[in-house]
file work.cif (mmCIF, C-alpha atoms)
data_my_file
#
loop_
_atom_site.label_atom_id
_atom_site.label_comp_id
_atom_site.auth_asym_id
_atom_site.auth_seq_id
_atom_site.Cartn_x
_atom_site.Cartn_y
_atom_site.Cartn_z
CA MET V 24 21.10 7.16 -58.08
CA PRO V 25 17.48 7.44 -56.90
CA ASP V 26 18.33 4.81 -54.29
CA ARG V 27 21.09 6.99 -52.99
CA ALA V 28 18.73 9.97 -52.80
CA GLY V 29 16.30 7.78 -50.88
CA ALA V 30 19.06 6.69 -48.52
CA LEU V 31 19.91 10.33 -47.92
CA SER V 32 16.35 11.24 -46.97
CA ARG V 33 16.12 8.22 -44.64
CA THR V 34 19.37 9.22 -42.95
CA PHE V 35 18.02 12.72 -42.34
CA ALA V 36 14.99 11.24 -40.62
CA ALA V 37 17.07 8.86 -38.54
CA SER V 38 19.94 11.12 -37.58
CA PRO V 39 19.41 14.79 -36.61
CA ALA V 40 23.20 15.13 -36.40
CA LEU V 41 23.37 14.74 -40.17
CA ARG V 42 21.55 18.04 -40.54
CA SER V 43 24.71 20.12 -40.02
CA ARG V 44 25.90 21.55 -43.31
CA ALA V 45 29.39 20.07 -43.15
CA THR V 46 28.09 16.59 -42.34
CA ILE V 47 25.54 16.68 -45.14
CA LEU V 48 28.15 17.75 -47.69
CA LYS V 49 30.53 15.00 -46.58
CA TYR V 50 27.73 12.48 -46.95
CA LEU V 51 26.92 13.68 -50.47
CA GLU V 52 30.55 13.45 -51.47
CA ARG V 53 31.07 10.00 -49.98
CA ARG V 54 27.91 8.49 -51.49
CA LYS V 55 28.21 10.31 -54.84
CA VAL V 56 24.59 11.47 -54.52
CA ALA V 57 23.07 12.72 -57.78
CA ARG V 58 19.61 13.86 -56.67
CA LEU V 59 18.40 15.33 -53.41
CA LEU V 60 14.83 15.53 -52.12
CA ILE V 61 15.15 17.79 -49.10
CA PRO V 62 13.05 20.43 -47.32
CA PRO V 63 13.67 24.16 -47.84
CA ALA V 64 15.28 24.53 -44.40
CA ILE V 65 18.12 22.20 -45.39
CA CYS V 66 18.36 23.89 -48.79
CA GLU V 67 18.90 27.17 -46.94
CA ARG V 68 21.86 25.66 -45.10
CA LEU V 69 23.41 24.25 -48.26
CA ALA V 70 22.72 27.09 -50.71
CA ALA V 71 25.89 28.98 -49.86
CA SER V 72 28.06 25.88 -50.29
CA ARG V 73 29.83 24.33 -53.23
CA PHE V 74 28.08 21.04 -53.90
CA PRO V 75 29.99 17.89 -54.89
CA SER V 76 30.15 17.48 -58.67
CA SER V 77 27.95 14.37 -58.44
CA VAL V 78 24.90 16.45 -57.44
CA ARG V 79 22.83 17.11 -60.55
CA ALA V 80 19.41 18.05 -59.17
CA ILE V 81 17.64 19.24 -56.05
CA LEU V 82 13.92 18.80 -55.45
CA THR V 83 12.51 20.72 -52.51
CA GLY V 84 9.12 21.14 -50.88
CA GLY V 85 7.32 20.56 -47.60
CA GLY V 86 7.34 24.30 -46.94
CA PRO V 87 7.35 27.51 -48.96
CA VAL V 88 10.09 27.55 -51.61
CA TYR V 89 10.75 31.27 -51.86
CA PRO V 90 12.14 32.70 -55.11
CA ASP V 91 15.38 33.93 -53.52
CA LEU V 92 16.15 30.36 -52.41
CA ILE V 93 15.44 28.98 -55.88
CA ARG V 94 17.84 31.56 -57.35
CA ARG V 95 20.60 30.49 -54.98
CA LEU V 96 20.08 26.82 -55.77
CA MET V 97 20.17 27.58 -59.51
CA ALA V 98 23.64 29.05 -59.02
CA ARG V 99 24.86 25.83 -57.37
CA VAL V 100 23.35 22.86 -59.20
CA PRO V 101 22.33 22.12 -62.81
CA GLU V 102 18.67 21.48 -61.91
CA ALA V 103 16.44 22.84 -59.14
CA HIS V 104 12.79 21.90 -58.76
CA ALA V 105 10.07 23.10 -56.38
CA VAL V 106 7.27 20.68 -55.51
CA TYR V 107 3.96 21.42 -53.82
CA GLY V 108 1.66 18.91 -52.20
CA SER V 109 0.21 17.71 -48.93
CA THR V 110 0.02 14.47 -47.00
CA GLU V 111 -3.48 13.94 -48.42
CA ALA V 112 -2.54 14.88 -51.98
CA GLU V 113 1.07 14.36 -52.97
CA LEU V 114 1.89 15.65 -55.61
CA ILE V 115 -0.24 18.72 -56.47
CA ALA V 116 2.03 20.92 -58.60
CA HIS V 117 5.68 21.25 -59.53
CA ILE V 118 8.04 23.49 -61.48
CA ALA V 119 11.65 23.39 -62.65
CA ALA V 120 13.61 26.57 -62.03
CA SER V 121 14.48 26.66 -65.74
CA GLU V 122 10.76 27.06 -66.53
CA ILE V 123 10.42 30.29 -64.52
CA THR V 124 10.30 33.28 -66.87
CA THR V 125 11.58 36.81 -66.33
CA SER V 126 7.99 37.95 -65.92
CA ASP V 127 7.41 35.23 -63.31
CA TRP V 128 10.43 36.36 -61.29
CA GLU V 129 9.23 39.95 -61.40
CA THR V 130 5.74 38.92 -60.27
CA MET V 131 7.11 36.98 -57.30
CA ASP V 132 9.53 39.75 -56.34
CA ALA V 133 6.62 42.19 -56.36
CA GLY V 134 4.80 40.16 -53.72
CA GLN V 135 2.19 38.49 -55.92
CA GLY V 136 2.74 34.98 -54.61
CA ILE V 137 5.02 31.99 -55.22
CA LEU V 138 4.79 30.09 -58.50
CA ALA V 139 4.12 26.38 -57.81
CA GLY V 140 3.84 25.45 -61.49
CA ASP V 141 1.71 23.11 -63.52
CA PRO V 142 -0.67 20.67 -61.81
CA ALA V 143 0.66 17.13 -61.49
CA ALA V 144 -0.63 14.53 -63.93
CA ARG V 145 -4.34 13.68 -63.48
CA THR V 146 -4.67 16.35 -60.78
CA LEU V 147 -7.62 18.72 -60.85
CA ILE V 148 -7.33 22.07 -59.10
CA ARG V 149 -9.99 24.61 -58.31
CA ILE V 150 -10.00 27.80 -56.23
CA ILE V 151 -13.00 28.35 -53.97
CA ASP V 152 -13.01 31.51 -51.82
CA ASP V 153 -9.24 31.82 -52.34
CA GLU V 154 -8.64 28.24 -51.11
CA ILE V 155 -6.84 25.63 -53.21
CA GLN V 156 -8.90 22.46 -53.55
CA VAL V 157 -7.64 19.36 -55.34
CA SER V 158 -9.05 16.12 -56.69
CA GLY V 159 -7.61 13.13 -58.50
CA PRO V 160 -6.95 9.40 -58.18
CA HIS V 161 -4.06 10.00 -55.75
CA VAL V 162 -5.99 12.37 -53.46
CA ASN V 163 -7.14 10.98 -50.11
CA LYS V 164 -10.94 10.80 -50.13
CA SER V 165 -11.50 10.42 -46.40
CA TYR V 166 -9.80 10.07 -43.03
CA LEU V 167 -10.06 7.07 -40.74
CA ASP V 168 -11.64 9.54 -38.32
CA ARG V 169 -14.45 10.69 -40.58
CA THR V 170 -15.34 13.55 -38.25
CA GLN V 171 -12.36 15.39 -39.81
CA ASP V 172 -13.88 15.19 -43.29
CA ALA V 173 -16.41 17.97 -42.69
CA SER V 174 -13.73 20.67 -42.57
CA THR V 175 -11.32 19.19 -45.11
CA LYS V 176 -13.46 17.62 -47.86
CA ALA V 177 -15.98 19.05 -50.29
CA ILE V 178 -18.32 16.98 -52.46
CA GLY V 179 -19.11 18.33 -55.91
CA ALA V 180 -22.51 18.05 -57.56
CA ASP V 181 -21.05 15.22 -59.68
CA GLY V 182 -19.95 13.33 -56.56
CA VAL V 183 -16.27 14.19 -56.97
CA VAL V 184 -14.43 14.53 -53.65
CA TRP V 185 -12.25 17.63 -53.35
CA HIS V 186 -9.59 17.95 -50.68
CA ARG V 187 -9.46 21.38 -49.07
CA THR V 188 -5.78 22.20 -48.59
CA GLY V 189 -6.22 25.20 -46.32
CA ASP V 190 -3.79 27.05 -48.62
CA SER V 191 -4.76 30.16 -50.54
CA GLY V 192 -3.79 30.49 -54.18
CA ARG V 193 -4.71 31.37 -57.72
CA VAL V 194 -4.45 29.82 -61.17
CA ASP V 195 -3.01 32.00 -63.92
CA ALA V 196 -3.98 32.23 -67.59
CA ASP V 197 -1.55 29.41 -68.42
CA GLY V 198 -3.17 27.06 -65.90
CA ARG V 199 -0.27 27.26 -63.45
CA LEU V 200 -0.81 27.36 -59.70
CA TRP V 201 0.43 30.25 -57.55
CA LEU V 202 0.64 29.96 -53.77
CA LEU V 203 -0.38 32.85 -51.52
CA GLY V 204 -0.05 31.26 -48.07
CA ARG V 205 -2.25 29.61 -45.50
CA ILE V 206 -5.83 30.82 -45.46
CA ASP V 207 -5.62 31.40 -41.71
CA ALA V 208 -2.37 33.36 -42.13
CA ARG V 209 -4.06 36.10 -44.16
CA VAL V 210 -3.91 39.41 -42.29
CA ALA V 211 -5.80 42.61 -43.10
CA GLY V 212 -6.30 41.46 -46.69
CA LEU V 213 -2.61 40.58 -47.14
CA PHE V 214 -1.42 37.08 -48.05
CA ALA V 215 1.62 35.79 -46.18
CA PHE V 216 3.70 34.28 -49.01
CA GLY V 217 3.43 37.34 -51.21
CA VAL V 218 4.60 39.71 -48.50
CA GLU V 219 7.27 37.33 -47.23
CA ALA V 220 8.70 36.59 -50.69
CA ALA V 221 9.11 40.31 -51.35
CA ALA V 222 10.52 41.11 -47.90
CA ARG V 223 13.15 38.37 -48.10
CA LEU V 224 14.83 40.47 -50.79
CA TRP V 225 15.32 43.44 -48.47
CA ALA V 226 18.85 44.13 -47.23
CA GLY V 227 19.69 42.31 -44.01
CA VAL V 228 16.59 40.09 -43.85
CA ARG V 229 17.26 36.43 -42.99
CA GLN V 230 13.73 35.31 -42.07
CA VAL V 231 10.38 37.06 -42.20
CA ALA V 232 6.73 36.34 -41.42
CA LEU V 233 3.45 38.21 -41.65
CA CYS V 234 1.43 38.08 -38.44
CA PRO V 235 -1.65 39.77 -36.90
CA GLY V 236 -1.26 42.01 -33.88
CA CYS V 237 -3.65 42.34 -30.94
CA ASN V 238 -5.92 44.68 -32.90
CA GLY V 239 -5.85 42.56 -36.05
CA ALA V 240 -3.47 44.91 -37.86
CA ALA V 241 -0.67 43.41 -39.94
CA ILE V 242 2.74 43.05 -38.31
CA LEU V 243 5.92 42.00 -40.06
CA ALA V 244 8.24 39.90 -37.91
CA ILE V 245 11.85 39.91 -39.11
CA VAL V 246 15.03 38.08 -38.12
CA GLY V 247 18.07 39.86 -39.49
CA ASP V 248 20.39 42.84 -39.22
CA ALA V 249 18.60 45.29 -36.91
CA ALA V 250 20.65 48.15 -38.37
CA GLN V 251 18.28 47.97 -41.37
CA GLU V 252 15.19 48.58 -39.21
CA ASP V 253 14.36 52.03 -40.57
CA ASP V 254 14.55 50.77 -44.15
CA TRP V 255 12.38 47.75 -43.27
CA ARG V 256 9.73 49.98 -41.70
CA ALA V 257 9.62 52.22 -44.78
CA ARG V 258 9.28 49.24 -47.12
CA ALA V 259 6.67 47.59 -44.90
CA HIS V 260 4.64 50.80 -44.84
CA TYR V 261 4.64 50.78 -48.64
CA LEU V 262 3.11 47.27 -48.52
CA GLY V 263 0.41 48.48 -46.13
CA ILE V 264 2.03 47.16 -42.95
CA GLU V 265 2.32 49.64 -40.10
CA LYS V 266 4.48 47.71 -37.62
CA VAL V 267 7.77 45.80 -37.83
CA VAL V 268 8.94 43.62 -34.93
CA ILE V 269 12.50 42.33 -34.73
CA LEU V 270 13.02 38.76 -33.56
CA ASP V 271 16.13 36.93 -32.46
CA GLU V 272 14.66 33.65 -33.71
CA MET V 273 11.65 32.68 -35.85
CA PRO V 274 9.40 29.92 -34.46
CA LEU V 275 9.27 27.09 -37.00
CA ASP V 276 7.49 23.76 -37.37
CA ARG V 277 9.12 20.85 -35.57
CA ARG V 278 8.88 18.43 -38.48
CA HIS V 279 10.95 20.14 -41.18
CA GLY V 280 11.88 23.51 -39.70
CA SER V 281 10.68 24.96 -43.02
CA LYS V 282 7.33 26.50 -42.08
CA VAL V 283 6.69 29.42 -39.76
CA ASP V 284 4.69 28.39 -36.70
CA TYR V 285 2.23 31.27 -37.02
CA ALA V 286 0.34 30.34 -33.85
CA LYS V 287 3.49 30.52 -31.72
CA LEU V 288 4.60 33.67 -33.50
CA LYS V 289 1.29 35.37 -32.77
CA GLN V 290 1.52 34.37 -29.11
CA ARG V 291 5.02 35.80 -28.80
CA ILE V 292 4.07 39.06 -30.46
CA GLU V 293 0.92 39.49 -28.39
CA ALA V 294 2.86 38.78 -25.18
CA SER V 295 5.48 41.39 -26.08
CA GLN V 296 3.33 43.93 -27.94
CA GLN V 297 4.85 46.83 -26.05
CA SER V 298 8.43 45.97 -26.98
CA GLN V 299 10.14 46.60 -30.30
CA HIS V 300 12.63 43.81 -29.63
CA ILE V 301 11.64 40.25 -28.75
CA GLY V 302 14.31 38.10 -27.16
#
call {"tool": "encode", "arguments": {"input": "work.cif", "output": "structure tokens"}}
result
Amino acid sequence: MPDRAGALSRTFAASPALRSRATILKYLERRKVARLLIPPAICERLAASRFPSSVRAILTGGGPVYPDLIRRLMARVPEAHAVYGSTEAELIAHIAASEITTSDWETMDAGQGILAGDPAARTLIRIIDDEIQVSGPHVNKSYLDRTQDASTKAIGADGVVWHRTGDSGRVDADGRLWLLGRIDARVAGLFAFGVEAAARLWAGVRQVALCPGCNGAAILAIVGDAAQEDDWRARAHYLGIEKVVILDEMPLDRRHGSKVDYAKLKQRIEASQQSQHIG
């Protein structure tokens, strides 16, 4: 079965046409796929569907795995797992949905971050100035272009090389990692993943992103049912966000379509700061 899951991921990479929900489901049925390793964007497309009975587990990562998505996957398949890592350090942390407690769900729903879970085997994690840094035998120690090391590597007093992920996070009393968002996506003291995880639970919200405005103030960009705008503004104000901007489409990364392209989003908002609706 792992071979079939591998074949599935290779087909995704080779054939963009396979990314339609109906085509993916037909493929799963035909190949009797048991496990899927797919990005959150594809999980979003499949979460409302009835999976073939062969599918036993979904592993997802490569972008934020928000709690509402995990809940929907739990309702569809026996096992759902969220994985966190980077190209330089894969894997960093992981969690099975069944390991998430009631208290954990409440913490995520309240905007306190996304639970990434326990560190992977032989992985060391530390938080320096809110940034997640990792070390271990599987962590890349240097780039071929060593000029990039200065901003992405830190050397401990004991000579240990730590990879700077650029992600903000915290480690709880049980040693589990929580994700707060990209360091450079922090706005007015607010962390992106916390705000976005909470806002995704609001009525009518399909996509959401925290973004700075021209004056550095926090703006919440939302794709969804514009009839809920007044409610969104009230809820955003409670979180300390003064402005809500409605988008027709959220700019996403080209690789997986699972991460908000915050640079493009900021450009769009700055270019249309005077308008409440961005086309």
call {"tool": "closest_atom_pairs", "arguments": {"input": "work.cif", "of": "range 180-202 of chain V", "to": "range 83-99 of chain V", "cutoff": "12 Å", "atoms": "all atoms listed in the file", "output": "Markdown table"}}
result
| residue | atom | partner | partner_atom | distance |
| --- | --- | --- | --- | --- |
| V:Asp190 | CA | V:Pro87 | CA | 11.2 |
| V:Trp201 | CA | V:Pro87 | CA | 11.4 |
| V:Leu202 | CA | V:Pro87 | CA | 8.6 |
call {"tool": "closest_residue", "arguments": {"input": "work.cif", "among": "V:Leu60, V:Leu138, V:Ile155, V:Ala220", "to": "Ser109 in chain V", "atoms": "only C-alpha atoms"}}
result
V:Ile155
call {"tool": "axis_aligned_box", "arguments": {"input": "work.cif", "around": "range 117-131 of chain V", "padding_each_side": "5 Å", "output": "JSON"}}
result
{"center_x": 10.1, "center_y": 30.6, "center_z": -62.1, "size_x": 18.8, "size_y": 28.7, "size_z": 19.6}
call {"tool": "resolve_selection", "arguments": {"input": "work.cif", "expression": "the PyMOL selection byres ((chain V and resi 80) around 8)", "output": "ChimeraX atom specification"}}
result
/V:57-59,78-79,81-82,100-104
call {"tool": "write_last_selection", "arguments": {"input": "work.cif", "atoms": "C-alpha atoms", "output": "CSV table (one decimal), in the coordinates of the input"}}
result
chain,number,residue,atom,x,y,z
V,57,ALA,CA,23.1,12.7,-57.8
V,58,ARG,CA,19.6,13.9,-56.7
V,59,LEU,CA,18.4,15.3,-53.4
V,78,VAL,CA,24.9,16.4,-57.4
V,79,ARG,CA,22.8,17.1,-60.6
V,81,ILE,CA,17.6,19.2,-56.0
V,82,LEU,CA,13.9,18.8,-55.4
V,100,VAL,CA,23.4,22.9,-59.2
V,101,PRO,CA,22.3,22.1,-62.8
V,102,GLU,CA,18.7,21.5,-61.9
V,103,ALA,CA,16.4,22.8,-59.1
V,104,HIS,CA,12.8,21.9,-58.8
call {"tool": "resolve_selection", "arguments": {"input": "work.cif", "expression": "the PyMOL selection byres ((chain V and resi 118-120) around 6)", "output": "PyMOL selection string"}}
result
chain V and resi 103-105+117+121-123+140
call {"tool": "atom_distance", "arguments": {"input": "work.cif", "atom1": "CA of Leu233 in chain V", "atom2": "CA of Gln251 in chain V"}}
result
17.8 Å
call {"tool": "closest_residue", "arguments": {"input": "work.cif", "among": "V:Leu213, V:Leu167, V:Ile151, V:Ile115", "to": "Ile242 in chain V", "atoms": "only C-alpha atoms"}}
result
V:Leu213
call {"tool": "atom_distance", "arguments": {"input": "work.cif", "atom1": "CA of Val246 in chain V", "atom2": "CA of Arg68 in chain V"}}
result
15.8 Å
call {"tool": "resolve_selection", "arguments": {"input": "work.cif", "expression": "the PyMOL selection byres ((chain V and resi 217) around 10)", "output": "PyMOL selection string"}}
result
chain V and resi 89+130-137+201-204+213-216+218-222+233
call {"tool": "atom_distance", "arguments": {"input": "work.cif", "atom1": "CA of Ala240 in chain V", "atom2": "CA of Asp276 in chain V"}}
result
23.8 Å
call {"tool": "closest_residue", "arguments": {"input": "work.cif", "among": "V:Ala226, V:Ala70, V:Ile65, V:Val56", "to": "Trp255 in chain V", "atoms": "only C-alpha atoms"}}
result
V:Ala226
call {"tool": "closest_residue", "arguments": {"input": "work.cif", "among": "V:Ala180, V:Asp152, V:Arg256, V:Val106", "to": "Leu200 in chain V", "atoms": "all atoms listed in the file"}}
result
V:Val106
call {"tool": "residues_around", "arguments": {"input": "work.cif", "residues": "Lys164 in chain V", "least_positions_apart": "3", "cutoff": "8 Å", "atoms": "all atoms listed in the file", "output": "PDB file with C-alpha atoms, keeping the file's coordinate frame"}}
result
ATOM      1  CA  LYS V 176     -13.460  17.620 -47.860  1.00  0.00           C
ATOM      2  CA  VAL V 184     -14.430  14.530 -53.650  1.00  0.00           C
ATOM      3  CA  TRP V 185     -12.250  17.630 -53.350  1.00  0.00           C
ATOM      4  CA  HIS V 186      -9.590  17.950 -50.680  1.00  0.00           C
TER       5      HIS V 186
END
call {"tool": "residues_around", "arguments": {"input": "work.cif", "residues": "Pro75 in chain V", "least_positions_apart": "5", "cutoff": "9 Å", "atoms": "only C-alpha atoms", "output": "PyMOL selection string"}}
result
chain V and resi 48-49+51-52+55-56
call {"tool": "residues_around", "arguments": {"input": "work.cif", "residues": "Gly227 in chain V", "least_positions_apart": "3", "cutoff": "12 Å", "atoms": "only C-alpha atoms", "output": "MDAnalysis selection string"}}
result
chainID V and resid 222:224 230:231 245:255 269
call {"tool": "closest_residue", "arguments": {"input": "work.cif", "among": "V:Val268, V:Gly182, V:Thr46, V:Pro63", "to": "Ser281 in chain V", "atoms": "all atoms listed in the file"}}
result
V:Pro63
call {"tool": "residues_around", "arguments": {"input": "work.cif", "residues": "Val157 in chain V", "least_positions_apart": "3", "cutoff": "8 Å", "atoms": "all atoms listed in the file", "output": "list in words"}}
result
Ala112, Ile115, Thr146, Leu147, Ile148, Arg149, Val162, Trp185, His186, Arg187 and Thr188 of chain V
call {"tool": "build_atoms", "arguments": {"input": "work.cif", "residues": "range 261-294 of chain V", "atoms": "N, CA and C atoms", "output": "PDB file, in the frame of the given file"}}
result
ATOM      1  N   TYR V 261       5.029  50.762 -47.228  1.00  0.00           N
ATOM      2  CA  TYR V 261       4.640  50.780 -48.640  1.00  0.00           C
ATOM      3  C   TYR V 261       3.727  49.602 -48.971  1.00  0.00           C
ATOM      4  N   LEU V 262       3.933  48.463 -48.291  1.00  0.00           N
ATOM      5  CA  LEU V 262       3.110  47.270 -48.520  1.00  0.00           C
ATOM      6  C   LEU V 262       1.798  47.325 -47.749  1.00  0.00           C
ATOM      7  N   GLY V 263       1.624  48.372 -46.921  1.00  0.00           N
ATOM      8  CA  GLY V 263       0.410  48.480 -46.130  1.00  0.00           C
ATOM      9  C   GLY V 263       0.541  47.903 -44.739  1.00  0.00           C
ATOM     10  N   ILE V 264       1.771  47.727 -44.278  1.00  0.00           N
ATOM     11  CA  ILE V 264       2.030  47.160 -42.950  1.00  0.00           C
ATOM     12  C   ILE V 264       2.607  48.258 -42.057  1.00  0.00           C
ATOM     13  N   GLU V 265       1.954  48.514 -40.944  1.00  0.00           N
ATOM     14  CA  GLU V 265       2.320  49.640 -40.100  1.00  0.00           C
ATOM     15  C   GLU V 265       3.393  49.323 -39.069  1.00  0.00           C
ATOM     16  N   LYS V 266       3.567  48.048 -38.716  1.00  0.00           N
ATOM     17  CA  LYS V 266       4.480  47.710 -37.620  1.00  0.00           C
ATOM     18  C   LYS V 266       5.459  46.620 -38.021  1.00  0.00           C
ATOM     19  N   VAL V 267       6.722  46.805 -37.641  1.00  0.00           N
ATOM     20  CA  VAL V 267       7.770  45.800 -37.830  1.00  0.00           C
ATOM     21  C   VAL V 267       8.307  45.417 -36.454  1.00  0.00           C
ATOM     22  N   VAL V 268       8.400  44.123 -36.193  1.00  0.00           N
ATOM     23  CA  VAL V 268       8.940  43.620 -34.930  1.00  0.00           C
ATOM     24  C   VAL V 268      10.184  42.795 -35.249  1.00  0.00           C
ATOM     25  N   ILE V 269      11.247  43.040 -34.514  1.00  0.00           N
ATOM     26  CA  ILE V 269      12.500  42.330 -34.730  1.00  0.00           C
ATOM     27  C   ILE V 269      12.595  41.143 -33.779  1.00  0.00           C
ATOM     28  N   LEU V 270      12.871  39.981 -34.340  1.00  0.00           N
ATOM     29  CA  LEU V 270      13.020  38.760 -33.560  1.00  0.00           C
ATOM     30  C   LEU V 270      14.466  38.292 -33.551  1.00  0.00           C
ATOM     31  N   ASP V 271      14.839  37.602 -32.489  1.00  0.00           N
ATOM     32  CA  ASP V 271      16.130  36.930 -32.460  1.00  0.00           C
ATOM     33  C   ASP V 271      16.054  35.580 -33.166  1.00  0.00           C
ATOM     34  N   GLU V 272      14.843  34.973 -33.127  1.00  0.00           N
ATOM     35  CA  GLU V 272      14.660  33.650 -33.710  1.00  0.00           C
ATOM     36  C   GLU V 272      13.214  33.502 -34.165  1.00  0.00           C
ATOM     37  N   MET V 273      13.002  32.890 -35.320  1.00  0.00           N
ATOM     38  CA  MET V 273      11.650  32.680 -35.850  1.00  0.00           C
ATOM     39  C   MET V 273      11.142  31.308 -35.399  1.00  0.00           C
ATOM     40  N   PRO V 274       9.954  31.243 -34.803  1.00  0.00           N
ATOM     41  CA  PRO V 274       9.400  29.920 -34.460  1.00  0.00           C
ATOM     42  C   PRO V 274       9.017  29.151 -35.714  1.00  0.00           C
ATOM     43  N   LEU V 275       9.493  27.910 -35.810  1.00  0.00           N
ATOM     44  CA  LEU V 275       9.270  27.090 -37.000  1.00  0.00           C
ATOM     45  C   LEU V 275       8.645  25.750 -36.618  1.00  0.00           C
ATOM     46  N   ASP V 276       8.087  25.063 -37.615  1.00  0.00           N
ATOM     47  CA  ASP V 276       7.490  23.760 -37.370  1.00  0.00           C
ATOM     48  C   ASP V 276       8.559  22.758 -36.938  1.00  0.00           C
ATOM     49  N   ARG V 277       8.166  21.818 -36.111  1.00  0.00           N
ATOM     50  CA  ARG V 277       9.120  20.850 -35.570  1.00  0.00           C
ATOM     51  C   ARG V 277       9.500  19.775 -36.571  1.00  0.00           C
ATOM     52  N   ARG V 278       8.643  19.530 -37.554  1.00  0.00           N
ATOM     53  CA  ARG V 278       8.880  18.430 -38.480  1.00  0.00           C
ATOM     54  C   ARG V 278      10.033  18.712 -39.440  1.00  0.00           C
ATOM     55  N   HIS V 279       9.939  19.817 -40.170  1.00  0.00           N
ATOM     56  CA  HIS V 279      10.950  20.140 -41.180  1.00  0.00           C
ATOM     57  C   HIS V 279      11.756  21.393 -40.847  1.00  0.00           C
ATOM     58  N   GLY V 280      11.233  22.229 -39.951  1.00  0.00           N
ATOM     59  CA  GLY V 280      11.880  23.510 -39.700  1.00  0.00           C
ATOM     60  C   GLY V 280      11.812  24.418 -40.906  1.00  0.00           C
ATOM     61  N   SER V 281      10.794  24.203 -41.770  1.00  0.00           N
ATOM     62  CA  SER V 281      10.680  24.960 -43.020  1.00  0.00           C
ATOM     63  C   SER V 281       9.463  25.875 -43.062  1.00  0.00           C
ATOM     64  N   LYS V 282       8.548  25.694 -42.104  1.00  0.00           N
ATOM     65  CA  LYS V 282       7.330  26.500 -42.080  1.00  0.00           C
ATOM     66  C   LYS V 282       7.288  27.332 -40.808  1.00  0.00           C
ATOM     67  N   VAL V 283       6.861  28.580 -40.937  1.00  0.00           N
ATOM     68  CA  VAL V 283       6.690  29.420 -39.760  1.00  0.00           C
ATOM     69  C   VAL V 283       5.542  28.868 -38.921  1.00  0.00           C
ATOM     70  N   ASP V 284       5.762  28.766 -37.630  1.00  0.00           N
ATOM     71  CA  ASP V 284       4.690  28.390 -36.700  1.00  0.00           C
ATOM     72  C   ASP V 284       3.945  29.676 -36.362  1.00  0.00           C
ATOM     73  N   TYR V 285       2.920  29.986 -37.167  1.00  0.00           N
ATOM     74  CA  TYR V 285       2.230  31.270 -37.020  1.00  0.00           C
ATOM     75  C   TYR V 285       1.521  31.393 -35.685  1.00  0.00           C
ATOM     76  N   ALA V 286       1.024  30.287 -35.135  1.00  0.00           N
ATOM     77  CA  ALA V 286       0.340  30.340 -33.850  1.00  0.00           C
ATOM     78  C   ALA V 286       1.303  30.766 -32.738  1.00  0.00           C
ATOM     79  N   LYS V 287       2.491  30.150 -32.716  1.00  0.00           N
ATOM     80  CA  LYS V 287       3.490  30.520 -31.720  1.00  0.00           C
ATOM     81  C   LYS V 287       3.991  31.948 -31.933  1.00  0.00           C
ATOM     82  N   LEU V 288       4.140  32.318 -33.199  1.00  0.00           N
ATOM     83  CA  LEU V 288       4.600  33.670 -33.500  1.00  0.00           C
ATOM     84  C   LEU V 288       3.599  34.701 -32.989  1.00  0.00           C
ATOM     85  N   LYS V 289       2.320  34.449 -33.234  1.00  0.00           N
ATOM     86  CA  LYS V 289       1.290  35.370 -32.770  1.00  0.00           C
ATOM     87  C   LYS V 289       1.305  35.491 -31.254  1.00  0.00           C
ATOM     88  N   GLN V 290       1.475  34.364 -30.561  1.00  0.00           N
ATOM     89  CA  GLN V 290       1.520  34.370 -29.110  1.00  0.00           C
ATOM     90  C   GLN V 290       2.682  35.210 -28.593  1.00  0.00           C
ATOM     91  N   ARG V 291       3.838  35.054 -29.230  1.00  0.00           N
ATOM     92  CA  ARG V 291       5.020  35.800 -28.800  1.00  0.00           C
ATOM     93  C   ARG V 291       4.838  37.292 -29.011  1.00  0.00           C
ATOM     94  N   ILE V 292       4.264  37.644 -30.157  1.00  0.00           N
ATOM     95  CA  ILE V 292       4.070  39.060 -30.460  1.00  0.00           C
ATOM     96  C   ILE V 292       3.030  39.672 -29.522  1.00  0.00           C
ATOM     97  N   GLU V 293       1.949  38.964 -29.280  1.00  0.00           N
ATOM     98  CA  GLU V 293       0.920  39.490 -28.390  1.00  0.00           C
ATOM     99  C   GLU V 293       1.447  39.649 -26.960  1.00  0.00           C
ATOM    100  N   ALA V 294       2.315  38.726 -26.532  1.00  0.00           N
ATOM    101  CA  ALA V 294       2.860  38.780 -25.180  1.00  0.00           C
ATOM    102  C   ALA V 294       3.886  39.907 -25.022  1.00  0.00           C
TER     103      ALA V 294
END
